>>> print(open('input.cif').read())   # mmCIF, C-alpha atoms and all ligand atoms
data_structure
#
loop_
_atom_site.label_atom_id
_atom_site.label_comp_id
_atom_site.auth_asym_id
_atom_site.auth_seq_id
_atom_site.Cartn_x
_atom_site.Cartn_y
_atom_site.Cartn_z
CA MET K 130 -70.07 -54.60 -108.66
CA PRO K 131 -68.44 -52.96 -105.62
CA ARG K 132 -65.99 -54.99 -103.65
CA HIS K 133 -66.32 -55.46 -99.93
CA ASN K 134 -62.93 -56.47 -98.84
CA ASN K 135 -63.21 -56.23 -95.09
CA ARG K 136 -60.64 -58.83 -94.30
CA ASP K 137 -57.80 -56.40 -94.55
CA ARG K 138 -59.43 -54.01 -92.14
CA ARG K 139 -59.24 -56.18 -89.09
CA ALA K 140 -57.85 -54.89 -85.87
CA THR K 141 -54.74 -56.16 -84.19
CA PRO K 142 -54.64 -59.94 -84.30
CA VAL K 143 -55.08 -61.73 -81.03
CA PRO K 144 -52.22 -63.86 -79.76
CA ARG K 145 -53.06 -67.53 -79.74
CA SER K 146 -51.82 -67.90 -76.21
CA ILE K 147 -54.80 -66.00 -74.85
CA GLY K 148 -57.14 -68.89 -75.61
CA ALA K 149 -60.91 -68.78 -75.79
CA HIS K 150 -62.19 -65.30 -75.23
CA ARG K 151 -64.27 -62.59 -76.82
CA VAL K 152 -64.04 -58.86 -77.37
CA GLU K 153 -66.56 -56.56 -75.72
CA PRO K 154 -66.87 -52.82 -75.14
CA GLY K 155 -64.91 -51.62 -72.14
CA PRO K 156 -66.28 -50.35 -68.84
CA ALA K 157 -67.62 -46.86 -68.31
CA GLY K 158 -64.74 -44.41 -68.21
CA TYR K 159 -62.53 -46.80 -70.11
CA GLU K 160 -63.90 -46.70 -73.62
CA ILE K 161 -61.59 -49.21 -75.20
CA ASP K 162 -62.71 -52.63 -76.37
CA HIS K 163 -61.59 -55.36 -74.00
CA HIS K 164 -60.67 -58.96 -74.40
CA VAL K 165 -62.86 -60.91 -72.03
CA ARG K 166 -62.20 -64.41 -70.82
CA THR K 167 -64.34 -66.48 -68.56
CA ILE K 168 -62.61 -68.08 -65.62
CA SER K 169 -64.35 -71.23 -64.46
CA ALA K 170 -64.85 -71.97 -60.80
CA SER K 171 -62.19 -74.67 -60.90
CA ALA K 172 -59.71 -72.25 -62.46
CA ALA K 173 -60.33 -69.54 -59.86
CA VAL K 174 -57.50 -70.36 -57.51
CA LYS K 175 -56.66 -66.92 -56.19
CA ASN K 176 -58.49 -64.04 -54.59
CA TYR K 177 -58.86 -60.94 -56.70
CA LEU K 178 -60.24 -57.48 -56.11
CA CYS K 179 -63.08 -56.65 -58.47
CA PRO K 180 -62.71 -53.11 -59.87
CA GLY K 181 -66.47 -52.90 -60.34
CA CYS K 182 -67.46 -53.18 -56.70
CA ASN K 183 -64.13 -53.18 -54.82
CA GLN K 184 -65.06 -56.48 -53.21
CA SER K 185 -62.94 -59.57 -53.43
CA ILE K 186 -63.60 -62.42 -55.78
CA VAL K 187 -62.88 -65.43 -53.66
CA VAL K 188 -61.34 -68.72 -54.67
CA GLY K 189 -63.73 -71.05 -56.44
CA VAL K 190 -66.04 -68.38 -57.83
CA ALA K 191 -66.39 -68.27 -61.61
CA HIS K 192 -65.74 -64.78 -62.94
CA VAL K 193 -64.33 -62.95 -65.94
CA VAL K 194 -60.96 -61.45 -66.66
CA ALA K 195 -60.75 -58.47 -69.00
CA TRP K 196 -57.98 -56.38 -70.46
CA PRO K 197 -57.84 -53.66 -73.10
CA VAL K 198 -57.24 -54.67 -76.71
CA THR K 199 -54.43 -52.13 -76.71
CA ASP K 200 -52.66 -54.11 -74.03
CA ARG K 201 -50.96 -56.73 -76.16
CA ASP K 202 -49.24 -58.52 -73.33
CA GLY K 203 -52.28 -58.70 -71.11
CA GLU K 204 -50.40 -57.03 -68.28
CA ASP K 205 -53.37 -54.90 -67.36
CA ARG K 206 -55.78 -57.76 -66.87
CA ARG K 207 -58.47 -57.24 -64.28
CA HIS K 208 -60.70 -59.79 -62.68
CA TRP K 209 -64.36 -58.92 -62.37
CA HIS K 210 -67.41 -60.55 -60.88
CA THR K 211 -69.47 -61.72 -63.81
CA GLY K 212 -72.37 -59.53 -62.74
CA CYS K 213 -70.15 -56.49 -62.24
CA TRP K 214 -68.69 -56.90 -65.71
CA ARG K 215 -72.15 -57.11 -67.23
CA GLY K 216 -73.17 -53.95 -65.43
CA ARG K 217 -69.93 -52.08 -66.10
CA ALA K 218 -71.44 -49.65 -68.58
CA THR K 219 -73.63 -48.09 -65.93
CA ARG K 220 -71.10 -48.06 -63.12
CA THR K 221 -69.12 -45.09 -62.05
CA GLY K 222 -65.87 -44.91 -60.23
CA TYR K 223 -64.02 -47.45 -62.30
CA ARG K 224 -60.29 -46.79 -62.17
ZN ZN K 301 -67.62 -57.00 -58.30
#
>>> encode(input="input.cif", output="structure tokens")
Amino acid sequence: MPRHNNRDRRATPVPRSIGAHRVEPGPAGYEIDHHVRTISASAAVKNYLCPGCNQSIVVGVAHVVAWPVTDRDGEDRRHWHTGCWRGRATRTGYR
């Protein structure tokens, strides 16, 4: 009987400090899986510029933050409107 030992094939472990999040495919033009974390409205305490639409995400609006799985420290985190993140695969101009 063949063995299916997939446990040893896992990608880089995720630091615990990141908290609840998921991994999703990255945006168009940035084909790296991304960690994605949902920011609740109460946790949205700063304005951010959404890379999907270049509009600001204002305080108090629930959104998502995403960063490449290759970025272990999360220094390249970007805040996106939830809708822009969902539509990222079909967007162009992401930088
Ligand atoms: Zn946006």
>>> residues_near_ligand(input="input.cif", ligand="ligand ZN 301 (chain K)", cutoff="8 Å", atoms="only C-alpha atoms and all ligand atoms", output="short mmCIF file (atom, residue, chain, number, x, y, z; two decimals) with C-alpha atoms, in the frame of the given file")
data_model
loop_
_atom_site.label_atom_id
_atom_site.label_comp_id
_atom_site.auth_asym_id
_atom_site.auth_seq_id
_atom_site.Cartn_x
_atom_site.Cartn_y
_atom_site.Cartn_z
CA LEU K 178 -60.24 -57.48 -56.11
CA CYS K 179 -63.08 -56.65 -58.47
CA PRO K 180 -62.71 -53.11 -59.87
CA GLY K 181 -66.47 -52.90 -60.34
CA CYS K 182 -67.46 -53.18 -56.70
CA ASN K 183 -64.13 -53.18 -54.82
CA GLN K 184 -65.06 -56.48 -53.21
CA SER K 185 -62.94 -59.57 -53.43
CA ILE K 186 -63.60 -62.42 -55.78
CA TRP K 209 -64.36 -58.92 -62.37
CA HIS K 210 -67.41 -60.55 -60.88
CA THR K 211 -69.47 -61.72 -63.81
CA GLY K 212 -72.37 -59.53 -62.74
CA CYS K 213 -70.15 -56.49 -62.24
CA TRP K 214 -68.69 -56.90 -65.71
#
>>> atom_distance(input="input.cif", atom1="atom CA of K:Gly203", atom2="atom CA of K:Gly216")
22.2 Å
>>> closest_residue(input="input.cif", among="K:Arg217, K:Pro197, K:Ala191, K:Arg206", to="K:Asp162", atoms="all atoms listed in the file")
K:Pro197
>>> atom_distance(input="input.cif", atom1="atom CA of K:Asp200", atom2="atom CA of K:Arg151")
14.6 Å
>>> atom_distance(input="input.cif", atom1="atom CA of K:His192", atom2="atom CA of K:Ala172")
9.6 Å
>>> residues_around(input="input.cif", residues="K:Val190", least_positions_apart="5", cutoff="10 Å", atoms="only C-alpha atoms", output="MDAnalysis selection string")
chainID K and resid 168:176 210:211
>>> closest_residue(input="input.cif", among="K:Tyr177, K:Arg215, K:Thr167, K:Val152", to="K:Val193", atoms="all atoms listed in the file")
K:Thr167
>>> closest_residue(input="input.cif", among="K:Ala149, K:Gly189, K:Gly155, K:His164", to="K:Arg201", atoms="all atoms listed in the file")
K:His164
>>> residues_near_point(input="input.cif", point="(-61.9, -49.1, -80.8)", cutoff="9 Å", atoms="only C-alpha atoms", output="PDB file with C-alpha atoms, in the frame of the given file")
ATOM      1  CA  ALA K 140     -57.850 -54.890 -85.870  1.00  0.00           C
ATOM      2  CA  PRO K 154     -66.870 -52.820 -75.140  1.00  0.00           C
ATOM      3  CA  GLU K 160     -63.900 -46.700 -73.620  1.00  0.00           C
ATOM      4  CA  ILE K 161     -61.590 -49.210 -75.200  1.00  0.00           C
ATOM      5  CA  ASP K 162     -62.710 -52.630 -76.370  1.00  0.00           C
ATOM      6  CA  VAL K 198     -57.240 -54.670 -76.710  1.00  0.00           C
TER       7      VAL K 198
END
>>> closest_residue(input="input.cif", among="K:Ala157, K:Val165, K:Val194, K:His150", to="K:Ala218", atoms="all atoms listed in the file")
K:Ala157
>>> decode(input="input.cif", residues="stretch 165-187 of chain K", atoms="N, CA and C atoms", output="short mmCIF file (atom, residue, chain, number, x, y, z; two decimals), in the first residue's frame")
data_model
loop_
_atom_site.label_atom_id
_atom_site.label_comp_id
_atom_site.auth_asym_id
_atom_site.auth_seq_id
_atom_site.Cartn_x
_atom_site.Cartn_y
_atom_site.Cartn_z
N VAL K 165 -3.88 36.31 4.30
CA VAL K 165 -4.96 37.29 4.27
C VAL K 165 -5.62 37.31 5.64
N ARG K 166 -5.76 38.50 6.18
CA ARG K 166 -6.40 38.64 7.47
C ARG K 166 -7.50 39.67 7.37
N THR K 167 -8.60 39.36 7.97
CA THR K 167 -9.72 40.30 7.96
C THR K 167 -9.58 41.29 9.11
N ILE K 168 -9.72 42.54 8.79
CA ILE K 168 -9.69 43.59 9.81
C ILE K 168 -11.13 44.04 10.04
N SER K 169 -11.58 43.89 11.27
CA SER K 169 -12.96 44.28 11.56
C SER K 169 -13.09 45.80 11.60
N ALA K 170 -14.31 46.27 11.51
CA ALA K 170 -14.54 47.71 11.50
C ALA K 170 -13.96 48.36 12.76
N SER K 171 -14.10 47.69 13.88
CA SER K 171 -13.61 48.29 15.13
C SER K 171 -12.09 48.30 15.21
N ALA K 172 -11.46 47.43 14.41
CA ALA K 172 -9.99 47.39 14.41
C ALA K 172 -9.39 48.29 13.35
N ALA K 173 -10.23 48.87 12.51
CA ALA K 173 -9.74 49.73 11.43
C ALA K 173 -9.61 51.15 11.97
N VAL K 174 -8.45 51.45 12.50
CA VAL K 174 -8.27 52.72 13.20
C VAL K 174 -7.35 53.69 12.45
N LYS K 175 -6.98 53.32 11.24
CA LYS K 175 -6.14 54.20 10.44
C LYS K 175 -6.65 54.21 9.01
N ASN K 176 -6.31 55.26 8.29
CA ASN K 176 -6.60 55.28 6.86
C ASN K 176 -5.50 54.55 6.11
N TYR K 177 -5.89 53.82 5.09
CA TYR K 177 -4.93 53.13 4.25
C TYR K 177 -5.26 53.39 2.80
N LEU K 178 -4.26 53.21 1.95
CA LEU K 178 -4.50 53.34 0.52
C LEU K 178 -4.61 51.93 -0.06
N CYS K 179 -5.74 51.67 -0.67
CA CYS K 179 -5.97 50.35 -1.26
C CYS K 179 -5.21 50.24 -2.58
N PRO K 180 -4.35 49.21 -2.73
CA PRO K 180 -3.61 49.07 -3.98
C PRO K 180 -4.49 48.60 -5.14
N GLY K 181 -5.69 48.13 -4.84
CA GLY K 181 -6.56 47.66 -5.90
C GLY K 181 -7.21 48.81 -6.66
N CYS K 182 -7.59 49.86 -5.96
CA CYS K 182 -8.32 50.95 -6.60
C CYS K 182 -7.68 52.32 -6.36
N ASN K 183 -6.61 52.34 -5.57
CA ASN K 183 -5.93 53.60 -5.24
C ASN K 183 -6.83 54.60 -4.53
N GLN K 184 -7.82 54.09 -3.86
CA GLN K 184 -8.69 54.93 -3.03
C GLN K 184 -8.39 54.61 -1.57
N SER K 185 -8.68 55.54 -0.70
CA SER K 185 -8.38 55.27 0.69
C SER K 185 -9.44 54.39 1.34
N ILE K 186 -8.96 53.63 2.31
CA ILE K 186 -9.84 52.84 3.16
C ILE K 186 -9.93 53.63 4.46
N VAL K 187 -11.09 54.16 4.73
CA VAL K 187 -11.19 55.08 5.85
C VAL K 187 -11.39 54.33 7.16
#
